[in-house]
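The file start30.cif comes next; it holds mmCIF, C-alpha atoms.
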```cif
data_work
#
loop_
_atom_site.label_atom_id
_atom_site.label_comp_id
_atom_site.auth_asym_id
_atom_site.auth_seq_id
_atom_site.Cartn_x
_atom_site.Cartn_y
_atom_site.Cartn_z
CA MET A 1 -110.89 -206.79 51.13
CA SER A 2 -110.37 -207.86 47.52
CA VAL A 3 -111.49 -211.15 46.10
CA SER A 4 -107.90 -212.32 45.54
CA LYS A 5 -107.03 -211.73 49.19
CA LEU A 6 -110.15 -213.62 50.29
CA GLY A 7 -109.13 -216.48 48.01
CA LYS A 8 -105.65 -216.56 49.50
CA PHE A 9 -107.04 -216.58 53.03
CA ALA A 10 -109.41 -219.40 52.10
CA VAL A 11 -106.57 -221.47 50.60
CA VAL A 12 -104.34 -220.91 53.64
CA GLY A 13 -107.20 -221.65 56.04
CA LEU A 14 -108.26 -224.82 54.25
CA SER A 15 -104.64 -225.97 54.00
CA ALA A 16 -104.11 -225.41 57.72
CA ALA A 17 -107.34 -227.28 58.53
CA TRP A 18 -106.32 -230.14 56.26
CA LEU A 19 -102.87 -230.34 57.85
CA ALA A 20 -104.32 -230.23 61.36
CA GLY A 21 -106.86 -232.94 60.54
CA CYS A 22 -104.39 -235.25 58.83
CA SER A 23 -101.43 -234.92 61.15
CA THR A 24 -100.80 -237.34 63.98
CA THR A 25 -98.30 -237.40 66.77
CA ALA A 26 -96.45 -240.46 67.90
CA THR A 27 -97.34 -241.99 71.25
CA GLU A 28 -95.24 -244.24 73.43
CA SER A 29 -97.16 -247.31 72.15
CA ASP A 30 -96.40 -246.27 68.54
CA ASN A 31 -92.72 -245.92 69.36
CA ALA A 32 -92.69 -249.32 71.03
CA ALA A 33 -94.50 -250.93 68.09
CA MET A 34 -92.01 -249.40 65.65
CA ALA A 35 -89.08 -250.62 67.72
CA GLU A 36 -90.54 -254.17 67.77
CA GLU A 37 -91.09 -254.13 64.00
CA GLY A 38 -87.46 -253.22 63.49
CA THR A 39 -88.09 -249.85 61.88
CA GLY A 40 -85.26 -248.38 63.88
CA THR A 41 -85.13 -247.55 67.57
CA GLU A 42 -83.06 -244.47 66.79
CA ALA A 43 -85.94 -242.98 64.77
CA ALA A 44 -88.41 -243.89 67.50
CA ASP A 45 -86.19 -242.25 70.13
CA THR A 46 -85.91 -239.11 67.99
CA MET A 47 -89.69 -238.97 67.63
CA ALA A 48 -90.23 -239.41 71.35
CA GLU A 49 -87.80 -236.59 72.17
CA SER A 50 -89.52 -233.92 70.05
CA ASP A 51 -93.03 -233.61 71.44
CA ASP A 52 -94.00 -230.62 69.29
CA ALA A 53 -93.11 -232.23 65.93
CA THR A 54 -95.67 -233.23 63.33
CA TYR A 55 -95.41 -236.59 61.62
CA GLY A 56 -96.84 -237.97 58.41
CA ALA A 57 -98.19 -241.42 57.59
CA GLY A 58 -96.14 -243.66 55.31
CA GLU A 59 -97.41 -245.65 52.33
CA ASN A 60 -98.22 -248.65 54.53
CA GLY A 61 -100.14 -246.50 57.03
CA GLY A 62 -97.37 -246.55 59.64
CA VAL A 63 -96.03 -243.42 61.25
CA SER A 64 -93.01 -242.08 59.40
CA SER A 65 -89.85 -241.21 61.24
CA VAL A 66 -89.40 -238.09 59.12
CA ILE A 67 -90.23 -234.88 60.95
CA VAL A 68 -92.35 -232.61 58.80
CA GLU A 69 -91.52 -228.92 59.14
CA ASP A 70 -94.47 -226.63 59.74
CA ASP A 71 -93.99 -224.69 56.48
CA ALA A 72 -97.71 -224.06 56.17
CA ALA A 73 -97.79 -222.10 59.43
CA MET A 74 -94.70 -220.13 58.41
CA ALA A 75 -96.26 -219.38 55.01
CA ALA A 76 -99.49 -218.26 56.69
CA ASP A 77 -97.53 -215.88 58.92
CA MET A 78 -95.74 -214.46 55.87
CA GLN A 79 -99.06 -213.99 54.02
CA ASP A 80 -100.28 -211.67 56.77
CA VAL A 81 -97.43 -209.26 55.96
CA ASP A 82 -98.16 -206.98 53.02
CA PRO A 83 -94.88 -206.60 51.09
CA LEU A 84 -96.15 -203.39 49.48
CA GLU A 85 -97.39 -201.73 52.67
CA GLY A 86 -96.50 -198.07 52.58
CA VAL A 87 -95.46 -198.15 48.90
CA ALA A 88 -97.05 -195.47 46.73
CA THR A 89 -99.75 -196.58 44.31
CA VAL A 90 -100.40 -193.16 42.74
CA PHE A 91 -97.79 -191.52 40.53
CA TYR A 92 -98.09 -187.89 39.43
CA PHE A 93 -97.04 -186.23 36.18
CA ASP A 94 -96.18 -182.73 35.04
CA PHE A 95 -98.57 -180.71 32.89
CA ASP A 96 -98.95 -182.18 29.40
CA LYS A 97 -96.17 -184.74 30.09
CA SER A 98 -96.03 -188.53 30.21
CA ILE A 99 -92.54 -188.94 31.69
CA VAL A 100 -92.17 -190.91 34.93
CA ARG A 101 -90.73 -188.62 37.58
CA PRO A 102 -87.46 -189.67 39.26
CA ALA A 103 -89.21 -189.56 42.66
CA ALA A 104 -91.56 -192.35 41.52
CA ARG A 105 -88.85 -194.76 40.44
CA GLU A 106 -88.12 -196.24 43.88
CA ALA A 107 -91.78 -197.11 44.50
CA LEU A 108 -92.16 -198.49 40.97
CA ALA A 109 -89.07 -200.65 41.52
CA LYS A 110 -90.77 -202.16 44.59
CA HIS A 111 -93.90 -202.87 42.56
CA ALA A 112 -91.71 -204.46 39.87
CA GLU A 113 -89.94 -206.64 42.45
CA PHE A 114 -93.29 -207.80 43.84
CA LEU A 115 -94.66 -208.61 40.38
CA ILE A 116 -91.51 -210.51 39.40
CA ASN A 117 -91.67 -212.55 42.61
CA ASN A 118 -95.42 -213.17 42.17
CA PRO A 119 -95.99 -214.11 38.51
CA ASP A 120 -99.71 -214.72 39.14
CA ALA A 121 -100.24 -211.13 40.33
CA ARG A 122 -101.91 -208.77 37.88
CA ILE A 123 -102.15 -204.97 37.88
CA VAL A 124 -104.15 -202.35 36.06
CA LEU A 125 -102.48 -199.01 35.38
CA GLU A 126 -105.15 -196.30 35.26
CA GLY A 127 -104.05 -193.15 33.43
CA HIS A 128 -105.69 -189.80 34.26
CA ALA A 129 -105.42 -186.18 33.13
CA ASP A 130 -106.67 -182.83 34.40
CA GLU A 131 -109.63 -181.03 32.85
CA ARG A 132 -107.64 -178.80 30.52
CA GLY A 133 -107.63 -179.89 26.89
CA THR A 134 -110.19 -181.75 24.84
CA ARG A 135 -111.73 -185.01 25.99
CA GLU A 136 -109.97 -186.95 23.19
CA TYR A 137 -106.60 -185.37 23.94
CA ASN A 138 -106.90 -186.15 27.66
CA MET A 139 -107.84 -189.78 26.93
CA ALA A 140 -104.71 -190.12 24.80
CA LEU A 141 -102.59 -188.36 27.44
CA GLY A 142 -103.89 -190.69 30.17
CA GLU A 143 -103.01 -193.66 27.96
CA ARG A 144 -99.50 -192.32 27.30
CA ARG A 145 -98.97 -191.91 31.06
CA ALA A 146 -100.15 -195.46 31.78
CA LYS A 147 -97.93 -196.79 28.97
CA ALA A 148 -94.94 -194.87 30.40
CA VAL A 149 -95.37 -196.69 33.74
CA LEU A 150 -95.86 -199.98 31.85
CA ARG A 151 -92.58 -199.42 29.98
CA TYR A 152 -90.76 -198.66 33.22
CA LEU A 153 -92.05 -201.86 34.86
CA THR A 154 -91.26 -204.06 31.84
CA ILE A 155 -87.73 -202.65 31.69
CA GLN A 156 -87.39 -203.73 35.33
CA GLY A 157 -88.28 -207.30 34.26
CA VAL A 158 -92.04 -207.53 34.81
CA ALA A 159 -93.88 -209.63 32.22
CA ALA A 160 -96.14 -207.48 30.04
CA SER A 161 -98.87 -210.11 30.45
CA GLN A 162 -99.17 -209.09 34.12
CA ILE A 163 -100.02 -205.48 33.25
CA GLU A 164 -103.13 -203.91 31.74
CA THR A 165 -103.46 -200.21 30.93
CA VAL A 166 -106.63 -198.12 30.97
CA SER A 167 -107.12 -194.42 30.34
CA PHE A 168 -109.83 -192.40 32.03
CA GLY A 169 -108.61 -189.05 30.72
CA GLU A 170 -110.33 -186.26 32.65
CA GLU A 171 -113.39 -188.38 33.51
CA VAL A 172 -112.39 -189.52 37.03
CA PRO A 173 -110.90 -186.54 38.88
CA VAL A 174 -109.66 -186.79 42.46
CA SER A 175 -109.97 -183.07 43.03
CA PHE A 176 -112.77 -180.98 41.56
CA GLY A 177 -111.08 -177.58 41.91
CA HIS A 178 -110.04 -175.37 39.03
CA ASP A 179 -106.54 -174.42 40.21
CA ASP A 180 -102.97 -175.70 39.89
CA ASP A 181 -103.14 -177.83 43.06
CA SER A 182 -106.29 -179.62 41.92
CA TRP A 183 -104.97 -180.13 38.43
CA GLN A 184 -101.73 -181.60 39.81
CA LEU A 185 -103.68 -184.20 41.80
CA ASN A 186 -105.61 -185.22 38.69
CA ARG A 187 -102.52 -185.76 36.49
CA ARG A 188 -101.72 -189.29 37.68
CA VAL A 189 -101.44 -193.01 37.10
CA GLU A 190 -102.96 -195.28 39.73
CA VAL A 191 -101.72 -198.86 40.24
CA ARG A 192 -104.55 -201.28 41.06
CA TYR A 193 -103.86 -204.92 41.94
CA GLU A 194 -106.45 -207.45 40.78
#
```

Structure re-expressed in structure tokens:
Amino acid sequence: MSVSKLGKFAVVGLSAAWLAGCSTTATESDNAAMAEEGTGTEAADTMAESDDATYGAGENGGVSSVIVEDDAAMAADMQDVDPLEGVATVFYFDFDKSIVRPAAREALAKHAEFLINNPDARIVLEGHADERGTREYNMALGERRAKAVLRYLTIQGVAASQIETVSFGEEVPVSFGHDDDSWQLNRRVEVRYE
């Protein structure tokens, strides 16, 4: 589990604990006291009817008649769902090319949508090459591939400040074979969320 996910879980957990500790529910004696003070019997009746509602304290310490929606619980439920589940994070390239394949565009569009909707999210695009060619050439090729994905994402509307590019050239292979299948697996850009 990444540090950013742990941080999000901690924030959601602490928020839920804070809401649970600070919330109060109205009792019959509270409703009667509010009715006697003239704060509105209609509000007191509404509060008595909805037993599962959460209420907040007003400035004077009295119970407010405004029902607070449980947005924190709904947000926590939504946080458990990974919007990028099943979306590709590795994009492959043809030999000696740095052009994003048409097959990758749908997955990259989903990454772009996520990044646009989450401006605090950051990614690192890691460019790789196969073992053929010189070390310097492969470093440059890996960088061109990462920059091609960066250009595609920025054209979709992602802020360039959310994206970092790194080239590993031939230094971090996925497959150690010396055939076309192995080389194809090594010609890639990997998307890593920070």

TODO: For the file shown, report as a ChimeraX atom specification the outcome of the PyMOL selection byres ((chain A and resi 127) around 8) at residue level.
DONE: /A:125-126,128-129,141-146,165-169,188-190

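The spacing separating CA of His178 (chain A) from CA of Phe91 (chain A) amounts to 20.3 Å.
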
Open item on the list: I'd like to know which of A:Asp130, A:Asp120, A:Glu106, A:Asp179 is closest to Ser161 (chain A), using only C-alpha atoms.
Closed with: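 Among the listed residues, A:Asp120 lies closest to Ser161 (chain A).
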
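Nearest residue to Ala140 (chain A), choosing from A:Glu170, A:Leu84, A:His111, A:Leu185 and counting all atoms listed in the file: A:Glu170.
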
Task: One-decimal distance in Å that lies between CA of Ala88 (chain A) and CA of Ala104 (chain A) - done: 8.2 Å

Open item on the list: Please enumerate the residues selected by the PyMOL selection byres ((chain A and resi 159) around 12) when evaluated against the supplied file, formatted as a ChimeraX atom specification.
Closed with: /A:112-123,150-158,160-164

Open item on the list: Calculated over only C-alpha atoms, which of the candidates A:Arg101, A:Lys110, A:Lys147, A:Arg132 has the smallest distance to Asn186 (chain A)?
Closed with: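 Going through A:Arg101, A:Lys110, A:Lys147, A:Arg132 one by one, the smallest distance to Asn186 (chain A) is for A:Arg132.
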
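CA of Gly133 (chain A) sits 14.4 Å away from CA of Asp180 (chain A).
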
- [ ] May I ask which of the residues A:Lys97, A:Arg135, A:Ser182, A:Val149 is the closest one to Ala109 (chain A), counting only C-alpha atoms?
- [x]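 Between A:Lys97, A:Arg135, A:Ser182, A:Val149, the residue approaching Ala109 (chain A) most closely is A:Val149.
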
TODO: Go through A:Val172, A:Asp82, A:Ala148, A:Thr134 one by one, measure the shortest atom-to-atom distance of each to Val100 (chain A) using all atoms listed in the file, and give the residue with the smallest value.
DONE: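 Among A:Val172, A:Asp82, A:Ala148, A:Thr134, it is A:Ala148 that comes nearest to Val100 (chain A).
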
Task: Given all atoms listed in the file as the counted atoms, nearest of A:Glu131, A:Leu108, A:Tyr137, A:Ile99 to Trp183 (chain A) - done: A:Glu131
